[in-house]
Structure formats: structure tokens, C-alpha cells
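Below is entry.cif, holding mmCIF, C-alpha atoms.
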data_target
#
loop_
_atom_site.label_atom_id
_atom_site.label_comp_id
_atom_site.auth_asym_id
_atom_site.auth_seq_id
_atom_site.Cartn_x
_atom_site.Cartn_y
_atom_site.Cartn_z
CA MET A 17 4.37 -16.56 21.51
CA ASN A 18 4.93 -18.02 18.04
CA SER A 19 1.72 -20.03 17.94
CA ALA A 20 -0.46 -19.62 14.87
CA ARG A 21 -3.12 -17.95 16.97
CA ALA A 22 -0.72 -15.48 18.59
CA GLN A 23 0.82 -14.56 15.23
CA PHE A 24 -2.61 -14.12 13.66
CA LEU A 25 -3.78 -11.83 16.44
CA THR A 26 -0.56 -9.81 16.39
CA GLY A 27 -0.98 -9.33 12.65
CA MET A 28 -4.51 -8.03 13.17
CA LYS A 29 -3.35 -5.77 15.98
CA ASP A 30 -0.44 -4.34 13.99
CA ALA A 31 -2.69 -3.66 11.00
CA SER A 32 -5.39 -1.99 13.09
CA PRO A 33 -3.97 1.57 12.99
CA LEU A 34 -3.85 1.29 9.19
CA LEU A 35 -7.58 0.71 9.10
CA ILE A 36 -8.03 4.42 9.85
CA GLY A 37 -6.13 5.13 6.66
CA ALA A 38 -7.91 2.50 4.56
CA ALA A 39 -11.51 3.12 5.64
CA PRO A 40 -11.96 6.65 4.22
CA PHE A 41 -10.75 5.38 0.85
CA GLY A 42 -13.19 2.48 0.90
CA ILE A 43 -16.00 4.93 1.58
CA ILE A 44 -14.84 7.31 -1.16
CA TYR A 45 -14.59 4.37 -3.59
CA GLY A 46 -18.15 3.29 -2.77
CA VAL A 47 -19.43 6.81 -3.40
CA ILE A 48 -17.50 7.22 -6.67
CA ALA A 49 -18.53 3.78 -7.94
CA THR A 50 -22.25 4.28 -7.44
CA GLY A 51 -21.90 7.86 -8.69
CA ALA A 52 -20.38 6.46 -11.90
CA GLY A 53 -23.55 4.44 -12.40
CA ILE A 54 -22.15 1.07 -11.34
CA PRO A 55 -24.91 -1.09 -9.86
CA VAL A 56 -24.71 -1.59 -6.10
CA LEU A 57 -24.01 -5.32 -6.24
CA MET A 58 -21.25 -4.87 -8.79
CA ALA A 59 -19.64 -1.98 -6.92
CA GLN A 60 -19.29 -4.24 -3.89
CA ALA A 61 -18.22 -7.22 -6.01
CA ILE A 62 -15.37 -5.18 -7.50
CA SER A 63 -13.98 -4.69 -4.00
CA LEU A 64 -14.15 -8.45 -3.52
CA ILE A 65 -12.78 -9.49 -6.91
CA VAL A 66 -10.13 -6.85 -7.59
CA PHE A 67 -9.36 -5.76 -4.00
CA ALA A 68 -6.94 -2.97 -4.96
CA GLY A 69 -7.74 0.60 -3.95
CA SER A 70 -6.11 2.75 -6.63
CA ALA A 71 -7.07 0.38 -9.46
CA GLN A 72 -10.69 0.39 -8.31
CA PHE A 73 -10.81 4.21 -8.27
CA ILE A 74 -9.50 4.41 -11.81
CA ALA A 75 -11.73 1.55 -13.02
CA ALA A 76 -14.80 3.27 -11.57
CA GLN A 77 -13.89 6.53 -13.33
CA LEU A 78 -13.31 4.70 -16.62
CA ILE A 79 -16.65 2.87 -16.35
CA GLY A 80 -18.36 6.19 -15.64
CA ALA A 81 -16.70 7.66 -18.72
CA GLY A 82 -17.90 4.75 -20.84
CA ALA A 83 -14.45 3.29 -21.58
CA SER A 84 -14.22 -0.05 -23.36
CA GLY A 85 -13.65 -3.29 -21.46
CA LEU A 86 -10.19 -3.69 -22.92
CA VAL A 87 -9.10 -0.23 -21.72
CA ILE A 88 -10.40 -0.99 -18.23
CA VAL A 89 -8.62 -4.34 -18.06
CA LEU A 90 -5.31 -2.93 -19.39
CA THR A 91 -5.43 0.06 -17.07
CA THR A 92 -6.09 -2.12 -14.03
CA PHE A 93 -3.21 -4.34 -15.07
CA ILE A 94 -0.76 -1.42 -15.38
CA VAL A 95 -1.88 0.23 -12.15
CA ASN A 96 -1.37 -3.06 -10.27
CA LEU A 97 1.97 -3.97 -11.84
CA ARG A 98 3.79 -2.61 -8.78
CA HIS A 99 2.42 -5.59 -6.88
CA ALA A 100 4.83 -7.81 -8.83
CA LEU A 101 7.61 -6.11 -6.86
CA TYR A 102 5.84 -6.97 -3.61
CA SER A 103 5.42 -10.54 -4.84
CA ALA A 104 9.15 -10.83 -5.58
CA SER A 105 10.03 -9.26 -2.24
CA MET A 106 7.71 -11.61 -0.35
CA ALA A 107 8.57 -14.76 -2.36
CA PRO A 108 11.64 -15.94 -0.41
CA HIS A 109 9.70 -15.67 2.86
CA VAL A 110 6.73 -17.77 1.78
CA LYS A 111 8.35 -20.21 -0.63
CA ASP A 112 7.93 -23.26 1.62
CA LEU A 113 4.22 -22.73 2.22
CA PRO A 114 1.61 -24.98 0.58
CA SER A 115 -0.08 -23.60 -2.54
CA ARG A 116 -3.36 -22.74 -0.82
CA TRP A 117 -1.45 -20.42 1.49
CA LYS A 118 0.39 -18.79 -1.41
CA TRP A 119 -2.92 -18.19 -3.15
CA ALA A 120 -4.59 -16.74 -0.09
CA LEU A 121 -1.68 -14.46 0.80
CA SER A 122 -1.32 -13.32 -2.83
CA TYR A 123 -4.97 -12.33 -2.91
CA LEU A 124 -4.41 -10.24 0.22
CA LEU A 125 -1.15 -8.62 -1.01
CA THR A 126 -2.14 -4.92 -1.07
CA ASP A 127 0.20 -1.96 -0.45
CA GLU A 128 -0.68 -1.88 3.24
CA ALA A 129 -0.60 -5.64 3.83
CA TYR A 130 2.78 -5.81 2.11
CA ALA A 131 4.21 -2.97 4.17
CA VAL A 132 3.10 -4.49 7.47
CA ALA A 133 4.01 -8.08 6.61
CA ILE A 134 7.45 -7.43 5.11
CA THR A 135 8.47 -5.42 8.18
CA HIS A 136 7.39 -8.29 10.43
CA TYR A 137 9.23 -10.87 8.30
CA ARG A 138 12.42 -8.81 8.34
CA ASP A 139 12.29 -8.07 12.05
CA ASN A 140 11.55 -11.65 13.10
CA VAL A 141 13.83 -13.81 10.96
CA GLY A 142 13.36 -17.53 11.56
CA GLU A 143 10.24 -17.14 13.67
CA GLN A 144 7.51 -19.77 13.27
CA ASN A 145 4.07 -19.12 11.82
CA ARG A 146 4.77 -15.69 10.36
CA HIS A 147 2.34 -16.51 7.55
CA TRP A 148 -0.40 -16.40 10.17
CA TYR A 149 0.69 -12.86 11.00
CA PHE A 150 0.44 -11.94 7.31
CA LEU A 151 -3.01 -13.57 7.14
CA GLY A 152 -4.22 -11.70 10.23
CA ALA A 153 -3.02 -8.33 8.94
CA GLY A 154 -4.37 -9.05 5.44
CA LEU A 155 -7.80 -10.12 6.69
CA ALA A 156 -8.11 -7.07 8.96
CA LEU A 157 -7.45 -4.82 5.96
CA TRP A 158 -9.71 -6.91 3.71
CA THR A 159 -12.63 -6.75 6.14
CA THR A 160 -12.23 -2.99 6.52
CA TRP A 161 -12.10 -2.51 2.77
CA GLN A 162 -15.30 -4.52 2.21
CA ALA A 163 -17.17 -2.83 5.08
CA SER A 164 -16.09 0.68 4.11
CA THR A 165 -17.01 0.05 0.47
CA ALA A 166 -20.48 -0.98 1.66
CA ALA A 167 -20.67 2.12 3.86
CA GLY A 168 -19.78 4.35 0.89
CA ILE A 169 -22.33 2.63 -1.34
CA PHE A 170 -25.20 2.80 1.12
CA LEU A 171 -24.51 6.14 2.76
CA GLY A 172 -23.76 7.57 -0.66
CA THR A 173 -22.50 10.81 0.80
CA GLU A 174 -19.03 12.17 0.31
CA ILE A 175 -16.90 12.82 3.34
CA PRO A 176 -16.46 16.62 3.27
CA ARG A 177 -13.21 17.45 1.49
CA GLU A 178 -12.19 19.99 4.11
CA TRP A 179 -11.92 17.19 6.68
CA SER A 180 -8.85 16.06 4.69
CA LEU A 181 -9.35 12.46 5.78
CA ASP A 182 -7.49 11.25 2.69
CA PHE A 183 -4.32 12.50 4.42
CA THR A 184 -4.52 9.49 6.77
CA LEU A 185 -3.20 7.34 3.93
CA ALA A 186 -0.03 9.42 3.58
CA LEU A 187 0.37 9.37 7.36
CA SER A 188 -0.02 5.58 7.44
CA PHE A 189 2.80 5.19 4.97
CA ILE A 190 5.00 7.71 6.81
CA ALA A 191 4.57 5.56 9.93
CA LEU A 192 5.45 2.43 7.97
CA LEU A 193 8.35 4.01 6.05
CA VAL A 194 10.37 5.69 8.78
CA PRO A 195 11.13 2.53 10.82
CA VAL A 196 12.44 0.64 7.74
CA LEU A 197 15.15 3.28 7.20
CA ARG A 198 17.88 1.57 9.18
CA THR A 199 20.93 1.88 6.94
CA ARG A 200 22.41 4.65 4.83
CA ALA A 201 21.63 2.65 1.67
CA GLU A 202 17.96 2.31 2.67
CA LEU A 203 17.80 6.05 3.28
CA VAL A 204 19.29 6.70 -0.17
CA ALA A 205 16.75 4.30 -1.74
CA ALA A 206 13.93 6.19 -0.03
CA LEU A 207 15.16 9.68 -0.95
CA VAL A 208 15.78 8.79 -4.60
CA GLY A 209 12.51 6.83 -4.87
CA GLY A 210 10.59 9.74 -3.36
CA ALA A 211 12.28 12.39 -5.50
CA VAL A 212 11.68 10.45 -8.72
CA ALA A 213 8.04 9.88 -7.75
CA VAL A 214 7.58 13.64 -7.35
CA ALA A 215 9.37 14.37 -10.64
CA ALA A 216 7.33 11.70 -12.47
CA PHE A 217 4.04 12.64 -10.84
CA GLY A 218 2.52 13.60 -14.21
CA MET A 219 2.91 10.06 -15.55
CA PRO A 220 -0.43 8.27 -15.76
CA TYR A 221 -1.54 5.02 -14.09
CA LYS A 222 1.01 4.86 -11.28
CA LEU A 223 3.81 4.40 -13.83
CA GLY A 224 5.72 7.12 -11.98
CA LEU A 225 5.52 4.96 -8.87
CA ILE A 226 7.00 1.97 -10.66
CA LEU A 227 9.76 4.09 -12.22
CA ALA A 228 10.48 5.61 -8.80
CA ALA A 229 10.67 2.17 -7.21
CA PHE A 230 13.26 0.98 -9.72
CA CYS A 231 15.34 4.18 -9.39
CA GLY A 232 15.18 3.89 -5.60
CA ILE A 233 16.26 0.24 -5.69
CA GLY A 234 19.14 1.08 -8.07
CA ALA A 235 20.31 3.97 -5.90
CA GLY A 236 20.09 1.78 -2.80
CA MET A 237 22.24 -0.88 -4.49
CA LEU A 238 24.82 1.73 -5.48
CA ALA A 239 24.96 3.17 -1.99
CA TRP A 240 25.29 -0.33 -0.55
CA ARG A 241 28.17 -1.17 -2.93
CA MET A 242 29.99 2.05 -2.12
CA GLY A 243 29.48 1.60 1.59
CA LYS A 244 30.87 -1.94 1.71
CA MET B 24 -17.83 -7.54 -23.17
CA SER B 25 -20.13 -7.44 -20.18
CA LEU B 26 -18.95 -5.36 -17.25
CA TRP B 27 -19.00 -8.41 -15.02
CA LEU B 28 -16.61 -10.24 -17.31
CA VAL B 29 -14.34 -7.17 -17.47
CA MET B 30 -14.16 -7.02 -13.69
CA VAL B 31 -13.51 -10.76 -13.31
CA VAL B 32 -10.66 -10.53 -15.85
CA ALA B 33 -9.24 -7.45 -14.09
CA GLY B 34 -9.47 -9.27 -10.75
CA VAL B 35 -7.82 -12.45 -12.03
CA LEU B 36 -5.00 -10.40 -13.61
CA THR B 37 -4.45 -8.50 -10.36
CA PHE B 38 -4.32 -11.79 -8.47
CA LEU B 39 -1.85 -13.28 -10.97
CA ILE B 40 0.44 -10.24 -10.66
CA ARG B 41 0.47 -10.69 -6.89
CA LEU B 42 0.99 -14.45 -7.18
CA SER B 43 3.68 -14.19 -9.90
CA PHE B 44 6.98 -14.37 -8.04
CA ILE B 45 5.49 -16.05 -4.99
CA SER B 46 4.45 -18.93 -7.22
CA LEU B 47 7.60 -18.98 -9.40
CA LEU B 48 9.98 -19.25 -6.48
CA ALA B 49 8.58 -22.60 -5.35
CA HIS B 50 11.96 -24.31 -5.36
CA GLY B 51 15.48 -23.09 -4.95
CA GLU B 52 16.86 -19.85 -3.61
CA MET B 53 16.74 -16.38 -5.03
CA PRO B 54 20.24 -15.11 -5.97
CA ALA B 55 21.83 -13.07 -3.18
CA LEU B 56 22.10 -9.98 -5.38
CA ALA B 57 18.39 -10.13 -6.23
CA GLN B 58 17.55 -10.50 -2.55
CA ARG B 59 19.69 -7.46 -1.79
CA ALA B 60 17.91 -5.46 -4.49
CA LEU B 61 14.51 -6.52 -3.16
CA SER B 62 15.46 -5.39 0.33
CA PHE B 63 15.23 -1.85 -1.06
CA VAL B 64 11.63 -2.30 -2.24
CA PRO B 65 10.00 -1.18 1.04
CA PRO B 66 11.89 2.13 1.45
CA ALA B 67 11.78 2.92 -2.29
CA VAL B 68 8.08 2.18 -2.80
CA MET B 69 6.77 3.62 0.44
CA SER B 70 8.57 6.93 -0.01
CA ALA B 71 7.39 6.97 -3.63
CA ILE B 72 3.86 6.83 -2.21
CA VAL B 73 4.51 9.40 0.54
CA PHE B 74 6.57 12.12 -1.22
CA PRO B 75 3.99 13.13 -3.86
CA GLU B 76 1.27 13.18 -1.19
CA LEU B 77 3.28 15.80 0.71
CA LEU B 78 4.95 17.75 -2.08
CA VAL B 79 2.45 17.81 -4.94
CA ARG B 80 -0.68 19.91 -4.54
CA ASP B 81 -3.09 20.36 -7.45
CA SER B 82 -0.53 18.73 -9.77
CA HIS B 83 2.15 21.29 -8.87
CA LEU B 84 5.25 21.09 -6.71
CA ALA B 85 4.48 22.97 -3.47
CA MET B 86 7.39 23.43 -1.09
CA GLY B 87 6.38 26.60 0.74
CA PRO B 88 4.75 27.13 4.15
CA GLU B 89 1.34 27.43 2.48
CA ASN B 90 1.49 23.68 1.91
CA HIS B 91 -0.06 22.44 5.15
CA ARG B 92 0.34 18.80 4.23
CA LEU B 93 4.09 19.21 3.91
CA ILE B 94 4.39 20.76 7.37
CA ALA B 95 2.04 18.22 8.97
CA GLY B 96 3.91 15.44 7.14
CA VAL B 97 7.30 16.58 8.43
CA ILE B 98 5.88 16.67 11.96
CA ALA B 99 4.51 13.15 11.43
CA ILE B 100 7.93 11.97 10.20
CA LEU B 101 9.51 13.28 13.43
CA ILE B 102 6.86 11.49 15.51
CA ALA B 103 7.32 8.27 13.53
CA TRP B 104 11.09 8.51 13.93
CA ARG B 105 10.88 9.17 17.69
CA PHE B 106 8.13 6.71 18.66
CA LYS B 107 8.15 4.13 15.83
CA LYS B 108 4.42 3.67 16.24
CA ILE B 109 1.68 4.06 13.66
CA MET B 110 -1.18 5.41 15.76
CA PRO B 111 0.61 8.44 17.29
CA THR B 112 1.96 9.30 13.85
CA ILE B 113 -1.52 9.38 12.33
CA VAL B 114 -3.11 11.20 15.27
CA VAL B 115 -0.45 13.92 15.56
CA GLY B 116 -0.20 14.33 11.77
CA MET B 117 -3.97 14.74 11.41
CA ALA B 118 -4.13 17.12 14.39
CA ALA B 119 -1.31 19.21 12.90
CA LEU B 120 -3.07 19.43 9.54
CA TRP B 121 -6.38 20.41 11.11
CA LEU B 122 -4.72 23.05 13.30
CA LEU B 123 -2.92 24.56 10.31
CA GLN B 124 -6.11 24.59 8.26
CA PHE B 125 -8.07 26.08 11.14
CA ALA B 126 -5.42 28.71 11.86
CA THR B 127 -5.33 29.98 8.30
CA GLU B 128 -9.05 30.02 7.64
#
Final C-alpha cells representation of the file:
Amino acid sequence: MNSARAQFLTGMKDASPLLIGAAPFGIIYGVIATGAGIPVLMAQAISLIVFAGSAQFIAAQLIGAGASGLVIVLTTFIVNLRHALYSASMAPHVKDLPSRWKWALSYLLTDEAYAVAITHYRDNVGEQNRHWYFLGAGLALWTTWQASTAAGIFLGTEIPREWSLDFTLALSFIALLVPVLRTRAELVAALVGGAVAVAAFGMPYKLGLILAAFCGIGAGMLAWRMGK
Amino acid sequence: MSLWLVMVVAGVLTFLIRLSFISLLAHGEMPALAQRALSFVPPAVMSAIVFPELLVRDSHLAMGPENHRLIAGVIAILIAWRFKKIMPTIVVGMAALWLLQFATE
């Protein structure tokens, strides 16, 4: 069952529950973007060009507030810096792929795609065609993001806040997080990363998230050393 | 700078961040210690996404029973731990949150 086709379909299947978490955010982004005065075509194009949820939210708010181009570019850059960690984490697994694959998979490397793909790579060491799995999961998320953006733009109505549909994102990541906690060191990394993220919540532009990631990694390394 | 240009630059930068290490590590191996460190990226980052969602409400730490998302989140963690599946975790977590909200209305 390691054929390209089987891997691709499994990737799509494994990503499918995450679509419930991603779709409400695509819709909310579409609503916010058009509400900020961004033309319809551009609002959709941003989802295609940038393809990064949190960065798009912040960019839309900045555009609405009349921020300068430089501020928007810098902010997007800082908000997306965490993806460099995903890139480093994914690099050893995809290093033998041709460039066109590296480009395609990099474009698709969102929080969700990373979480699904890295788990599959780690659980199926040495298996053939895992890049097709990554592509399948990435494209499922990509398609959902584009379609839900369009839905937000054209419906133009907010999902009522009291439905709390934004909570599906947290739940998605709980479902992805818990199974990767297999060793004491990984548990330590998660607890420290989470605690620092809460403590640094006031930091702007996801910088708290990046700080938390590094603290979590450091704590995990320490725990691993001590446990050896 | 036109808004289109701004967005294209932002998009290219985002892509380059994601491509960075994937492209750099074309040849050779990553040092074992670096690989070990990177193995902690998934737990560290994912919990850094999850914890504030459960514990911070209206930019304040909320650890009491009035924080429905914390209770629903803990239930979801138990479901995720027991069943290791995404869909039941989302369904039960959402149901728990709705029940709590409904019960306290």
C-alpha cells in the first residue's frame, strides 16, 4: 500500500478531519478581508499567494487600518517565521526529492499540513512515496482554505460568535498533539512550550509562539539528556 | 507600493521561509544533535498553539470552572489520549463546549 496513489489518498483522508477546523477560519478571513475594504479578487488572491491563516488575518486588519506596505510585509514575515522550524524539521525527510517537489511541499507547509505530515513521516520510517502523502494532505487543506475563503467573501456574513466554531482549531491541535507525546522528554517539551506560550501570550505577532517553541525544544533536550 | 505588490512580496517571503531549510539541506546529513532537537518541534509548537486557546480568555489567564473551553479541552485531551483519532476528539470537544454553554445560559 505504498504506491503514490495510496499514499496520496491516505494523506487526504488523514487531513479530512482537520478541514472542520480550517474551514471556519477561511470563512472568517473572507469576511474580515472584505470588511477591511479589500477588493474581492485580491482577498481571494491573498489566500492563494500567502496561504497562511494567522498572517492573513493580521494582514487584513493592517490593510483595513491603512498600514504601510512595509509594515504589512514585515509583520507577515515575523508571523510566519515559525514555519522555518517546520522547514528544518521536515528537511531531512524530503532532502532527496527533486526541486519541484520541494517547492510544491514548501508552498503547502502550513501548521496543519506540517502536523499531519511530520507524524506520518515519523510513524512510517523508510516507507516509499511519503511525499505523496504530504501532497495529498496539503492539497486537501489548500482546497478547503481557498473554498472557505470564497465562501466568506461571497456570503459576507459572520458565523455567530456564540457557536464557538473557532474552538475547532484548538481541538484539531489537541488531537494532533496528544499522540506525539510518546516519551517523557516529549511530554516535558510540550508542557514547557505550552506554559511559556501562555506566559508570553501578550507578545505581538506570534513571537510568544516562537519563544515557546524554543523553550519547549530546550526543555525536551534537557529531559532527554537527563533520562539517558 | 501597490497593495498587489505588497501581497506578492509577503507571499514570496512566506514561501521562502517555508523553503529555507528544505532547500538548504540538499546534500549531506543534519547533525544528530540538531535532529534530536527538531524532534521536539511537534510537541513544543502544537502545545504552544493549544495552551493559550484553553487557558487565556479575553487576554487573561482563566483557570476556573467558568472557563468552558478549558473543561471541554481537558475532555478532548482525554478522548485524544484514549482513541488517538482526530474526529472523535473534535466532535466530543465541541459537544462538551456547547453543553457547558447551554447549561450556564
Please identify every residue of chain B that has at least one atom no more than 7 Å from any atom of chain A, counting all atoms listed in the file, and report them as a PyMOL selection string. chain B and resi 24+29-34+36-38+40-45+48-49+53+60-61+63-71+73-76+99-100+103-104+107-110+112-113+116
What is the atom CA of Gly142 of chain A to atom CA of Ala20 of chain A distance in Å?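 Atom CA of Ala20 of chain A lies 14.4 Å from atom CA of Gly142 of chain A.
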Please indicate the distance in Å from atom CA of Gly42 of chain A to atom CA of Ala166 of chain A, rounded to one decimal place.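 Answer for the atom CA of Gly42 of chain A to atom CA of Ala166 of chain A separation: 8.1 Å.
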What's the separation between atom CA of Phe24 of chain A and atom CA of Ala55 of chain B, in Å to one decimal place? 29.7 Å
Please identify all polymer residues lying at most 9 Å from the point (4.0, 18.1, -0.2) (file coordinates), using all atoms listed in the file, and present the result as a PDB file with C-alpha atoms, keeping the file's coordinate frame.
ATOM      1  CA  VAL B  73       4.510   9.400   0.540  1.00  0.00           C
ATOM      2  CA  PHE B  74       6.570  12.120  -1.220  1.00  0.00           C
ATOM      3  CA  PRO B  75       3.990  13.130  -3.860  1.00  0.00           C
ATOM      4  CA  GLU B  76       1.270  13.180  -1.190  1.00  0.00           C
ATOM      5  CA  LEU B  77       3.280  15.800   0.710  1.00  0.00           C
ATOM      6  CA  LEU B  78       4.950  17.750  -2.080  1.00  0.00           C
ATOM      7  CA  VAL B  79       2.450  17.810  -4.940  1.00  0.00           C
ATOM      8  CA  ARG B  80      -0.680  19.910  -4.540  1.00  0.00           C
ATOM      9  CA  LEU B  84       5.250  21.090  -6.710  1.00  0.00           C
ATOM     10  CA  ALA B  85       4.480  22.970  -3.470  1.00  0.00           C
ATOM     11  CA  MET B  86       7.390  23.430  -1.090  1.00  0.00           C
ATOM     12  CA  GLY B  87       6.380  26.600   0.740  1.00  0.00           C
ATOM     13  CA  ASN B  90       1.490  23.680   1.910  1.00  0.00           C
ATOM     14  CA  HIS B  91      -0.060  22.440   5.150  1.00  0.00           C
ATOM     15  CA  ARG B  92       0.340  18.800   4.230  1.00  0.00           C
ATOM     16  CA  LEU B  93       4.090  19.210   3.910  1.00  0.00           C
ATOM     17  CA  ILE B  94       4.390  20.760   7.370  1.00  0.00           C
ATOM     18  CA  GLY B  96       3.910  15.440   7.140  1.00  0.00           C
TER      19      GLY B  96
END
Taking (-17.2, 8.7, -14.9) in the file's coordinates as the center, which residues reach within 10 Å of it, counting only C-alpha atoms, put as a ChimeraX atom specification? /A:48-49,51-54,74-83
